[in-house]
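A short write-up of the structure that comes next.
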Amino acid sequence: MALSLEEFIHSLDLRTLPRVLEIQSGFYFEGSVYEMFGNECCLSTGEVIKITDLKIKKIMAEICGHVEGCVSPQSFELPMNFPVRKDIVRILPSLDVEVKDITDSYDANWFLQVLSTQDLYEMANKEFPIVAEVIEAPQGNQLPISILQPGKTIVIHKKCQASKILASEIRSNSSKRHFLIPTSYKGKFKRRPREFPTPYDLKIAKSEKEPLHVVATKAFHSPFEELSSVSVGDEFLVHHSQTTEVFCEGIKKVMDVLVCEKILKNSHEAALLPLYMDGGFVEVIHDKKLYQISELCAQFRLPFNVKVSVRDLFIEKDILAAIPGLQLEESITNSYLLISDFANPKECWEIPVGRVNITVQLVNNFSGDTGSFLVSTLVEEITEEQYYLIRRHESSFLHPPPRPPKHPSVEKIELTSLSLAKEKTVDLPKSPKSVHVDRSKKLYSNQAGLDSKVRAGCQNDLADLEKEKKKTEATAVTEIFKTEEHQK
């Protein structure tokens, strides 16, 4: 029985797909509204089509009034495979044609199989390698232009997962470029200064490989005599974190601090910075070595700032070479298909499953040599939307340590003669510049003894500390970059 296409769509049970239809009354209207929006508007009487899927593109709601059983019209995308055509077309259900369901009397396997990138990735490993013909490919893809072209025959060797380094351009505004860099990238990087908003960030960034040398870019006045104040331009070598005692109107408090050396003109002195301090620091780079990306990931904690100093000579156009600064953010794992030109099956390229959408027709299994092949990887530039989707996916598996509170959470300790008498000398390691360390600076050690009240004066001190955050930032960052450029 013949039905209009719209009637057929409304009565279709999706569980019975795919369905084979024969056009009973054809339709063609050149220049119609269907063609204007990229929809198919030429169906010949007697033509056979195979419906493989049904997707809602939009729902247009209408006020039905008092009419019973009113159904809101819908627009659908119908990916189909014609027996004599190789392109994918879209047909709206409102197209004025009649169709007849001939699924039960027709061999649906006669149709060539059309698959998307995701469909290919969901195939079993044993089904690879396969030969396919490209039907649709994205415009502006970063693979060699000769591979992903409609009508091109390719070999899909296998599916795999690969690690990439997510990186972003270092810029002051929000318009940043984002990249996925393969670990096989052959370019060489030099380090760029990192910026840190708090001593807590210094604690996280410090490594055992080398001392962390920073310059303050924001002033900080400590309300406690036992802790250090900071002026713009002060230089510090970061060592480790610990707890220490501070005094506030006869009450002892235990506070988390960062132990540093303050670099003076002819000596160093010990300095204690509260982890919660809202300051600003920029790194001083002494290391002039050039690194491969694999070395950076192995030796330093991400995120890490770099710049390409020597471009990858194995890439015709290295898009990273012109970027003034990159932040290597994290290592991620993505899903890929390995494909090659049918005429050159030994050279393979990675197709990211979630970001490059291709449509192919399967031709047959690949009967050629499936031995070793060379996998060529590219630096992939991703959109901002793709960047945040990747970050959201990765963050669902990672749980970074919490940032410290704005004000210190301290333990109240009763002031006793015993705790006053106990002090210890901090034994700081020697600086790389071989300047004598002043080891006579003594810090209070941790002693316990609980008290039930915190006097109002302590709270006022914290309020004063908050006011200090408003002090004007100076130009220390600029000076550091100038110094580095001069050293070059």
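Just so we're on the same page: first chain in the structure tokens is A, next is B, and so on; residues restart at 1 for each chain, and ligands are numbered from 1 in the order they show up.
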- Task: Name the residues of segment 201-414 of chain A that fall into helix (DSSP H, G or I) according to DSSP on the backbone, using the chain letters and numbers of this document, as a list in words.
- Result: Asp201, Leu202, Lys203, Ile204, Ala205, Ile293, Ser294, Glu295, Leu296, Cys297, Ala298, Gln299, Glu384, Glu385, Gln386, Tyr387, Tyr388, Leu389, Ile390, Arg391, Arg392, His393, Glu394 and Ser395 of chain A
*May I have the residues within 6 Å of Val215 of chain A as a PyMOL selection string, using only C-alpha atoms and disregarding those fewer than 3 positions away in the same chain?*
chain A and resi 233-235+281-282
Mind writing the picked residues with N, CA and C atoms as a short mmCIF file (atom, residue, chain, number, x, y, z; two decimals), in the first residue's frame?
```cif
data_model
loop_
_atom_site.label_atom_id
_atom_site.label_comp_id
_atom_site.auth_asym_id
_atom_site.auth_seq_id
_atom_site.Cartn_x
_atom_site.Cartn_y
_atom_site.Cartn_z
N GLY A 233 59.39 43.19 43.19
CA GLY A 233 60.80 43.04 42.81
C GLY A 233 61.60 42.14 43.72
N ASP A 234 61.05 41.75 44.87
CA ASP A 234 61.75 40.80 45.76
C ASP A 234 61.94 39.47 45.04
N GLU A 235 63.12 38.88 45.20
CA GLU A 235 63.43 37.59 44.58
C GLU A 235 63.49 36.51 45.65
N PHE A 281 53.77 36.21 41.37
CA PHE A 281 55.17 35.87 41.17
C PHE A 281 55.38 35.46 39.71
N VAL A 282 56.56 35.75 39.20
CA VAL A 282 56.93 35.30 37.86
C VAL A 282 58.26 34.57 37.96
#
```
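Closest approach to Lys288 of chain A among A:His240, A:Arg355, A:Lys253, A:Lys188: A:Lys188, based on only C-alpha atoms.
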Kindly assemble as CSV a list of the segment 246-290 of chain A residues that lie within 12 Å of segment 303-315 of chain A, each paired with its nearest atom pair and their distance in Å to one decimal, using only C-alpha atoms, sorted first by chain and then by ascending residue number.
```
residue,atom,partner,partner_atom,distance
A:Val282,CA,A:Asn305,CA,11.7
A:Glu283,CA,A:Asn305,CA,10.3
A:Ile285,CA,A:Asn305,CA,10.9
A:Asp287,CA,A:Val306,CA,11.9
A:Lys288,CA,A:Ser309,CA,10.9
A:Lys289,CA,A:Ser309,CA,10.4
A:Leu290,CA,A:Ser309,CA,7.6
```
For Leu14 of chain A, work out the shell of residues within 10 Å, counting only C-alpha atoms and skipping chain neighbours fewer than 6 positions away, then give it as an mmCIF file with all heavy atoms, in the first residue's frame.
```cif
data_model
loop_
_atom_site.group_PDB
_atom_site.id
_atom_site.type_symbol
_atom_site.label_atom_id
_atom_site.label_comp_id
_atom_site.auth_asym_id
_atom_site.auth_seq_id
_atom_site.Cartn_x
_atom_site.Cartn_y
_atom_site.Cartn_z
ATOM 1 N N THR A 52 18.291 4.130 6.589
ATOM 2 C CA THR A 52 19.127 3.514 7.620
ATOM 3 C C THR A 52 18.977 4.166 8.979
ATOM 4 O O THR A 52 19.305 3.570 9.999
ATOM 5 C CB THR A 52 20.609 3.572 7.216
ATOM 6 O OG1 THR A 52 20.974 4.940 7.062
ATOM 7 C CG2 THR A 52 20.843 2.831 5.913
ATOM 8 N N ASP A 53 18.512 5.400 8.997
ATOM 9 C CA ASP A 53 18.401 6.095 10.278
ATOM 10 C C ASP A 53 17.433 7.249 10.115
ATOM 11 O O ASP A 53 17.113 7.680 9.009
ATOM 12 C CB ASP A 53 19.769 6.614 10.732
ATOM 13 C CG ASP A 53 19.805 6.958 12.217
ATOM 14 O OD1 ASP A 53 18.794 6.684 12.912
ATOM 15 O OD2 ASP A 53 20.817 7.495 12.674
ATOM 16 N N LEU A 54 16.970 7.759 11.240
ATOM 17 C CA LEU A 54 16.061 8.892 11.268
ATOM 18 C C LEU A 54 16.492 9.804 12.390
ATOM 19 O O LEU A 54 16.642 9.365 13.532
ATOM 20 C CB LEU A 54 14.616 8.407 11.467
ATOM 21 C CG LEU A 54 13.506 9.464 11.464
ATOM 22 C CD1 LEU A 54 12.229 8.856 10.907
ATOM 23 C CD2 LEU A 54 13.233 9.980 12.863
#
```
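As for atom CA of Glu195 of chain A and atom CA of Lys218 of chain A, they are spaced 11.8 Å apart.
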